[in-house]
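What follows is a set of notes on a single structure, which appears directly below.
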Amino acid sequence: MTDAHDTAADSSLRTTGGAPPDDGGSSATEAPIPLLEPREGIPPVVADEAALARVIAAFEAGSGPVAVDAERASGYRYGQRAYLVQLRRAGSGTALIDPVACPDLSALGDALSGVEWVLHAATQDLPCLREIGMVPTRLFDTELAGRLAGFPRVGLGAMVESVLGFVLEKGHSAVDWSTRPLPEPWLRYAALDVELLVDLRDALEKELDRQGKLEWARQEFDAIASAPPPEPRKDPWRRTSGMHKVRRRRQLAVVRELWQARDRIAQRRDVSPGKVLGDAAIVEAALALPADVHALAALNGFGHRVGKRQLEQWQAAVDRAKALSEAQLPQPGQSVTGPPPPRAWADKDPAAAARLSAARAAVSALAERVSMPQENLITPDTVRRVCWEPPAVVDAESVAAALTAHGARQWQVEQVTPVLVEALAAKEA
């Protein structure tokens with residue numbers, strides 16, 4: 001039992017039940033209660049080694065799962081590093097740690113090794129936590145638990161309200177967390193984000209167990225905890241917004257040169273790339289192929305607010321792209337592994353298109369029966385790959401082996417194999 005549950009007996013703090021509401025609203029019978037202050041107040045920010053050592057000792061001595069959250073400065077700073085780490089554990093209280101002042105939290109991570117970490121949307125925070133030495137061996141993801149349990153709204157605020165009957169103030173989610181010192185209202189918001197996370201975990205565990213999905217959730221959480229760091233994205237410049245307008249290879253080269261120049265500047269200045277040069281301006285320059293600085297300055301995004309020196313560096317990037325030989329120009333599309341886009345299947349392989357249509361309908365019906373999003377039941381990419389290259393003999397064993405080979409968890413294999421076998425066999429007949 002968490003300390004929040006202890007308080008519930010003699011205060012307004014209460015858990016109102018964990019069943020997924022049909023309309024996405026609160027499942028509480030009473031009006032939700034605004035959660036305005038952390039129970040023990042706002043803790044001081046840990047910003048030196050002595051204070052960090054005290055926190056490590058306190059959290060090592062605590063009991064039960066530990067709630068963990070991290071705040072980044074997306075849209076303000078380069079990269080996705082953590083600028084504040086929040087933790088809460090029964091018997092330990094809440095801690096707010098400044099990872100700029102204390103950049104190595106591996107000792108804290110070690111102290112919590114073997115403890116279940118409770119995070120909301122774990123895959124968003126794990127990369128920045130890993131950078132500072134915090135890597136869980138066990139975790140519980142309350143957002144993913146909400147998806148598996150069939151909640152229509154799975155943001156932290158919506159989940160806390162519908163499951164626990166409290167309203168979290170979310171006004172500071174998009175602020176610049178690299179600001180120092182951090183304002184008190186931001187620190188209050190950060191502390192409240194972990195205040196009820198373990199209580200939410202406990203209620204969701206009960207709901208998943210009630211639905212017979214608890215083992216499914218555990219397999220998903222284990223997969224997240226054991227997943228290796230993602231590989232660096234190939235050709236990240238291709239994700240520039242508006243790229244669909246850029247069709248000629250020379251224009252693609254301009255996008256690449258401008259994107260790479262912008263990225264170098266943003267990294268050097270430690271600012272978000274979008275604050276250096278917008279995606280729309282990059283695409284505009286690629287389409288126009290300006291002949292000189294004057295032509296560049298006339299384009300949207302390169303107007304009067306851009307200094308002469310900046311214009312010259314952007315024009316230099318354009319000129320580099322224009323000077324490339326044909327062999328050096330990027331290809332129009334990324335090389336992809338696996339099946340082509342589904343829209344091309346009808347022309348390339350009508351039988352595969354028919355298999356995919358039947359499989360999608362079967363998976364959709366199953367997802368509705370078990371009350372969860374299709375993408376959590378089985379990834380669309382896995383379904384496409386099995387339908388594009390089905391086993392030579394379609395039966396339960398071969399389809400299960402194919403799903404496993406594409407990374408499906410055991411519970412997914414057990415649930416999806418029967419409907420895929422039926423769909424694939426029907427189209428082969």
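Ligands are numbered from 1 in the order shown, chains are lettered A, B, ... in the order of the structure tokens, and residues start at 1 in each chain.
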
Within 8 Å of range 109-125 of chain A, which residues of range 162-262 of chain A come that close, and what is the closest atom pair and distance in Å for each? Count only C-alpha atoms and give it as a Markdown table.
```
| residue | atom | partner | partner_atom | distance |
| --- | --- | --- | --- | --- |
| A:Leu197 | CA | A:Val118 | CA | 6.9 |
| A:Val198 | CA | A:Val118 | CA | 6.6 |
| A:Arg201 | CA | A:Val118 | CA | 7.1 |
| A:Ile224 | CA | A:Thr123 | CA | 7.4 |
```

### Close residues, range 266-276 of chain A itself excluded, 6 Å, only C-alpha atoms, min 2 positions apart in chain, as a PyMOL selection string
chain A and resi 75-78+263-264+278

Selection export as a PDB file, in the first residue's frame, atoms kept: all heavy atoms:
```pdb
ATOM      1  N   GLY A  75      11.947  21.829 -28.299  1.00  0.00           N
ATOM      2  CA  GLY A  75      11.553  23.081 -28.924  1.00  0.00           C
ATOM      3  C   GLY A  75      12.381  24.270 -28.485  1.00  0.00           C
ATOM      4  O   GLY A  75      12.260  25.368 -29.051  1.00  0.00           O
ATOM      5  N   TYR A  76      13.225  24.084 -27.459  1.00  0.00           N
ATOM      6  CA  TYR A  76      14.074  25.163 -26.964  1.00  0.00           C
ATOM      7  C   TYR A  76      15.553  24.826 -27.115  1.00  0.00           C
ATOM      8  O   TYR A  76      16.346  25.684 -27.510  1.00  0.00           O
ATOM      9  CB  TYR A  76      13.777  25.450 -25.488  1.00  0.00           C
ATOM     10  CG  TYR A  76      12.380  25.929 -25.226  1.00  0.00           C
ATOM     11  CD1 TYR A  76      11.380  25.028 -24.862  1.00  0.00           C
ATOM     12  CD2 TYR A  76      12.052  27.279 -25.341  1.00  0.00           C
ATOM     13  CE1 TYR A  76      10.086  25.460 -24.613  1.00  0.00           C
ATOM     14  CE2 TYR A  76      10.763  27.721 -25.103  1.00  0.00           C
ATOM     15  CZ  TYR A  76       9.777  26.807 -24.745  1.00  0.00           C
ATOM     16  OH  TYR A  76       8.510  27.242 -24.509  1.00  0.00           O
ATOM     17  N   ARG A  77      15.930  23.584 -26.779  1.00  0.00           N
ATOM     18  CA  ARG A  77      17.333  23.182 -26.783  1.00  0.00           C
ATOM     19  C   ARG A  77      17.579  22.082 -27.801  1.00  0.00           C
ATOM     20  O   ARG A  77      16.665  21.387 -28.227  1.00  0.00           O
ATOM     21  CB  ARG A  77      17.746  22.696 -25.390  1.00  0.00           C
ATOM     22  CG  ARG A  77      17.698  23.764 -24.316  1.00  0.00           C
ATOM     23  CD  ARG A  77      18.800  24.790 -24.494  1.00  0.00           C
ATOM     24  NE  ARG A  77      18.806  25.784 -23.431  1.00  0.00           N
ATOM     25  CZ  ARG A  77      19.734  26.708 -23.296  1.00  0.00           C
ATOM     26  NH1 ARG A  77      20.741  26.753 -24.161  1.00  0.00           N
ATOM     27  NH2 ARG A  77      19.682  27.600 -22.320  1.00  0.00           N
ATOM     28  N   TYR A  78      18.845  21.930 -28.167  1.00  0.00           N
ATOM     29  CA  TYR A  78      19.219  20.880 -29.098  1.00  0.00           C
ATOM     30  C   TYR A  78      19.160  19.527 -28.388  1.00  0.00           C
ATOM     31  O   TYR A  78      19.617  19.388 -27.263  1.00  0.00           O
ATOM     32  CB  TYR A  78      20.634  21.117 -29.630  1.00  0.00           C
ATOM     33  CG  TYR A  78      21.060  20.131 -30.697  1.00  0.00           C
ATOM     34  CD1 TYR A  78      20.732  20.353 -32.023  1.00  0.00           C
ATOM     35  CD2 TYR A  78      21.754  18.988 -30.365  1.00  0.00           C
ATOM     36  CE1 TYR A  78      21.106  19.459 -33.007  1.00  0.00           C
ATOM     37  CE2 TYR A  78      22.143  18.085 -31.338  1.00  0.00           C
ATOM     38  CZ  TYR A  78      21.808  18.318 -32.662  1.00  0.00           C
ATOM     39  OH  TYR A  78      22.179  17.414 -33.620  1.00  0.00           O
ATOM     40  N   ASP A 263      21.694  21.847 -38.554  1.00  0.00           N
ATOM     41  CA  ASP A 263      21.915  20.949 -37.429  1.00  0.00           C
ATOM     42  C   ASP A 263      23.254  21.247 -36.743  1.00  0.00           C
ATOM     43  O   ASP A 263      23.348  21.225 -35.507  1.00  0.00           O
ATOM     44  CB  ASP A 263      21.878  19.495 -37.904  1.00  0.00           C
ATOM     45  CG  ASP A 263      21.753  18.505 -36.767  1.00  0.00           C
ATOM     46  OD1 ASP A 263      20.713  18.541 -36.074  1.00  0.00           O
ATOM     47  OD2 ASP A 263      22.694  17.720 -36.552  1.00  0.00           O
ATOM     48  N   ARG A 264      24.282  21.540 -37.546  1.00  0.00           N
ATOM     49  CA  ARG A 264      25.592  21.870 -36.966  1.00  0.00           C
ATOM     50  C   ARG A 264      25.507  23.147 -36.130  1.00  0.00           C
ATOM     51  O   ARG A 264      26.060  23.228 -35.027  1.00  0.00           O
ATOM     52  CB  ARG A 264      26.637  22.027 -38.071  1.00  0.00           C
ATOM     53  CG  ARG A 264      27.040  20.723 -38.742  1.00  0.00           C
ATOM     54  CD  ARG A 264      28.252  20.928 -39.629  1.00  0.00           C
ATOM     55  NE  ARG A 264      27.983  21.814 -40.757  1.00  0.00           N
ATOM     56  CZ  ARG A 264      27.542  21.406 -41.946  1.00  0.00           C
ATOM     57  NH1 ARG A 264      27.317  20.109 -42.162  1.00  0.00           N
ATOM     58  NH2 ARG A 264      27.341  22.256 -42.928  1.00  0.00           N
ATOM     59  N   GLY A 278      13.548  27.455 -40.002  1.00  0.00           N
ATOM     60  CA  GLY A 278      12.351  26.630 -40.050  1.00  0.00           C
ATOM     61  C   GLY A 278      12.356  25.644 -41.211  1.00  0.00           C
ATOM     62  O   GLY A 278      12.987  25.881 -42.248  1.00  0.00           O
TER      63      GLY A 278
END
```

### Task
Can you pull out every residue within 12 Å of Leu296 in chain A, counting only C-alpha atoms, but drop anything in the same chain fewer than 3 positions away, and send it as a ChimeraX atom specification?
/A:281-282,284-293,299-304,306-308,310-319

Residues from last step as file, N, CA, C and O atoms, as a CSV table (one decimal), in the first residue's frame:
```csv
chain,number,residue,atom,x,y,z
A,281,ALA,N,11.2,27.2,-44.5
A,281,ALA,CA,12.2,27.9,-45.2
A,281,ALA,C,13.1,27.0,-46.0
A,281,ALA,O,13.5,27.3,-47.1
A,282,ILE,N,13.5,25.9,-45.4
A,282,ILE,CA,14.4,24.9,-46.1
A,282,ILE,C,13.7,24.4,-47.4
A,282,ILE,O,14.3,24.4,-48.5
A,284,GLU,N,11.3,25.9,-49.0
A,284,GLU,CA,11.1,27.0,-50.0
A,284,GLU,C,12.4,27.2,-50.8
A,284,GLU,O,12.4,27.4,-52.0
A,285,ALA,N,13.6,27.2,-50.1
A,285,ALA,CA,14.8,27.4,-50.8
A,285,ALA,C,15.1,26.2,-51.8
A,285,ALA,O,15.6,26.4,-52.9
A,286,ALA,N,14.7,25.0,-51.4
A,286,ALA,CA,15.0,23.9,-52.2
A,286,ALA,C,14.1,24.0,-53.5
A,286,ALA,O,14.6,23.6,-54.6
A,287,LEU,N,12.9,24.4,-53.4
A,287,LEU,CA,12.1,24.5,-54.6
A,287,LEU,C,12.5,25.7,-55.5
A,287,LEU,O,12.4,25.6,-56.7
A,288,ALA,N,13.0,26.8,-54.9
A,288,ALA,CA,13.4,28.0,-55.7
A,288,ALA,C,14.8,27.9,-56.3
A,288,ALA,O,15.1,28.5,-57.3
A,289,LEU,N,15.7,27.1,-55.6
A,289,LEU,CA,17.1,27.1,-56.1
A,289,LEU,C,17.6,28.5,-56.3
A,289,LEU,O,18.0,28.8,-57.5
A,290,PRO,N,17.7,29.4,-55.3
A,290,PRO,CA,18.1,30.7,-55.5
A,290,PRO,C,19.5,30.9,-56.1
A,290,PRO,O,20.4,30.1,-55.7
A,291,ALA,N,19.7,31.8,-57.0
A,291,ALA,CA,21.0,32.0,-57.6
A,291,ALA,C,22.0,32.7,-56.7
A,291,ALA,O,23.2,32.5,-56.9
A,292,ASP,N,21.5,33.6,-55.8
A,292,ASP,CA,22.4,34.4,-55.0
A,292,ASP,C,21.7,34.8,-53.7
A,292,ASP,O,20.5,34.5,-53.5
A,293,VAL,N,22.4,35.5,-52.8
A,293,VAL,CA,21.9,35.9,-51.6
A,293,VAL,C,20.6,36.8,-51.7
A,293,VAL,O,19.7,36.7,-50.9
A,299,LEU,N,12.9,35.0,-50.3
A,299,LEU,CA,12.0,33.9,-50.0
A,299,LEU,C,11.5,33.9,-48.6
A,299,LEU,O,12.1,34.5,-47.7
A,300,ASN,N,10.3,33.3,-48.4
A,300,ASN,CA,9.7,33.2,-47.0
A,300,ASN,C,10.7,32.5,-46.1
A,300,ASN,O,11.3,31.5,-46.4
A,301,GLY,N,10.9,33.1,-44.9
A,301,GLY,CA,11.8,32.5,-43.9
A,301,GLY,C,13.2,33.1,-44.0
A,301,GLY,O,14.0,32.8,-43.1
A,302,PHE,N,13.5,33.8,-45.0
A,302,PHE,CA,14.8,34.4,-45.1
A,302,PHE,C,14.8,36.0,-45.2
A,302,PHE,O,15.6,36.6,-45.8
A,303,GLY,N,13.7,36.5,-44.6
A,303,GLY,CA,13.5,38.0,-44.8
A,303,GLY,C,14.4,38.8,-43.9
A,303,GLY,O,15.5,38.5,-43.6
A,304,HIS,N,13.8,40.0,-43.5
A,304,HIS,CA,14.6,41.1,-42.9
A,304,HIS,C,15.2,40.6,-41.5
A,304,HIS,O,16.2,41.3,-41.1
A,306,VAL,N,16.8,38.0,-40.9
A,306,VAL,CA,18.0,37.2,-41.1
A,306,VAL,C,19.1,38.1,-41.5
A,306,VAL,O,19.0,38.8,-42.5
A,307,GLY,N,20.2,38.0,-40.8
A,307,GLY,CA,21.3,38.9,-41.1
A,307,GLY,C,22.1,38.5,-42.3
A,307,GLY,O,21.9,37.4,-42.8
A,308,LYS,N,22.9,39.4,-42.8
A,308,LYS,CA,23.7,39.1,-44.0
A,308,LYS,C,24.6,37.9,-43.9
A,308,LYS,O,24.7,37.1,-44.8
A,310,GLN,N,24.2,35.3,-41.9
A,310,GLN,CA,23.4,34.1,-41.9
A,310,GLN,C,22.9,33.8,-43.4
A,310,GLN,O,23.0,32.6,-43.8
A,311,LEU,N,22.5,34.8,-44.1
A,311,LEU,CA,22.1,34.6,-45.5
A,311,LEU,C,23.2,34.0,-46.3
A,311,LEU,O,23.0,33.1,-47.1
A,312,GLU,N,24.4,34.5,-46.1
A,312,GLU,CA,25.5,33.9,-46.8
A,312,GLU,C,25.8,32.5,-46.5
A,312,GLU,O,26.2,31.7,-47.4
A,313,GLN,N,25.7,32.1,-45.2
A,313,GLN,CA,25.9,30.7,-44.9
A,313,GLN,C,24.8,29.8,-45.5
A,313,GLN,O,25.1,28.7,-45.9
A,314,TRP,N,23.6,30.3,-45.5
A,314,TRP,CA,22.5,29.5,-46.1
A,314,TRP,C,22.7,29.4,-47.6
A,314,TRP,O,22.5,28.3,-48.2
A,315,GLN,N,23.1,30.5,-48.3
A,315,GLN,CA,23.3,30.4,-49.7
A,315,GLN,C,24.5,29.5,-50.0
A,315,GLN,O,24.5,28.8,-51.1
A,316,ALA,N,25.5,29.5,-49.2
A,316,ALA,CA,26.7,28.6,-49.4
A,316,ALA,C,26.2,27.2,-49.4
A,316,ALA,O,26.7,26.3,-50.2
A,317,ALA,N,25.3,26.8,-48.5
A,317,ALA,CA,24.7,25.5,-48.5
A,317,ALA,C,24.0,25.1,-49.8
A,317,ALA,O,24.1,24.1,-50.4
A,318,VAL,N,23.2,26.1,-50.3
A,318,VAL,CA,22.5,25.9,-51.5
A,318,VAL,C,23.5,25.7,-52.7
A,318,VAL,O,23.3,24.9,-53.5
A,319,ASP,N,24.5,26.6,-52.7
A,319,ASP,CA,25.5,26.5,-53.7
A,319,ASP,C,26.3,25.1,-53.7
A,319,ASP,O,26.6,24.6,-54.8
```

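Here CA of Pro332 in chain A is placed at a distance of 12.0 Å from CA of Asp235 in chain A.
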
### Query
If you measure from CA of Ala73 in chain A to CA of Pro181 in chain A, what distance in Å do you get, rounded to one decimal?
14.2 Å

### Message
So that I can check the surroundings of range 322-328 of chain A, please list as a list in words every protein, DNA and RNA residue that reaches within 9 Å of it, counting only C-alpha atoms and ignoring chain neighbours fewer than 5 positions away.
### Response
Arg249, Arg250, Gln251, Ala253, Val254, Leu289 and Ala317 of chain A

### Message
Applying 12 Å and only C-alpha atoms, which residues near Ala408 in chain A remain after dropping the ones on its own chain fewer than 2 positions away? List them as a VMD selection string.
### Response
chain A and resid 216 219 to 220 223 375 to 383 386 399 to 406 410 to 417

### Task
Pick out the residues sitting within 7 Å of Ile97 in chain A, and hand them over as an NGL selection string; count only C-alpha atoms, and ignore anything fewer than 3 positions along from it in its own chain.
:A and (45-47 or 84-86)

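With only C-alpha atoms as the basis for measurement, A:Val194 is the residue among A:Val175, A:Ala90, A:Ile33, A:Val194 that approaches Ala67 in chain A most closely.
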
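As for CA of Glu131 in chain A and CA of Arg218 in chain A, they are spaced 25.0 Å apart.
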
### Long-range neighbours of Met159 in chain A as a PyMOL selection string, 8 Å cut-off, only C-alpha atoms, 6 positions minimum in chain
chain A and resi 146+153+200

### Query
Can you list every residue in range 170-354 of chain A that DSSP puts in helix (DSSP H, G or I), as an MDAnalysis selection string?
chainID A and resid 184:195 197:210 214:226 236:239 243:245 249:269 273:276 279:288 293:297 308:322 326:328 342:348 350:354

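Across A:Arg39, A:Arg147, A:Arg247, A:Arg89, the tightest approach to Ala61 in chain A is made by A:Arg89 when counting only C-alpha atoms.
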
### Query
Just asking: which residues within range 81-319 of chain A are strand (DSSP E) according to DSSP, as a list in words?
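Assigned to strand (DSSP E), within range 81-319 of chain A: Ala82, Tyr83, Leu84, Val85, Gln86, Leu87, Arg88, Arg89, Ala90, Gly93, Thr94, Ala95, Leu96, Ile97, Glu116, Trp117, Val118, Leu119, Arg138, Leu139, Phe140, Asp141, Phe166, Val167 and Leu168 of chain A.
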
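Shortest atom-to-atom contact with Ala321 in chain A among A:Asp279, A:Glu257, A:Asp222, A:Glu205: A:Glu257, counting only C-alpha atoms.
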
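Shortest atom-to-atom contact with Ala351 in chain A among A:Glu389, A:Gln80, A:Leu366, A:Thr142: A:Glu389, counting only C-alpha atoms.
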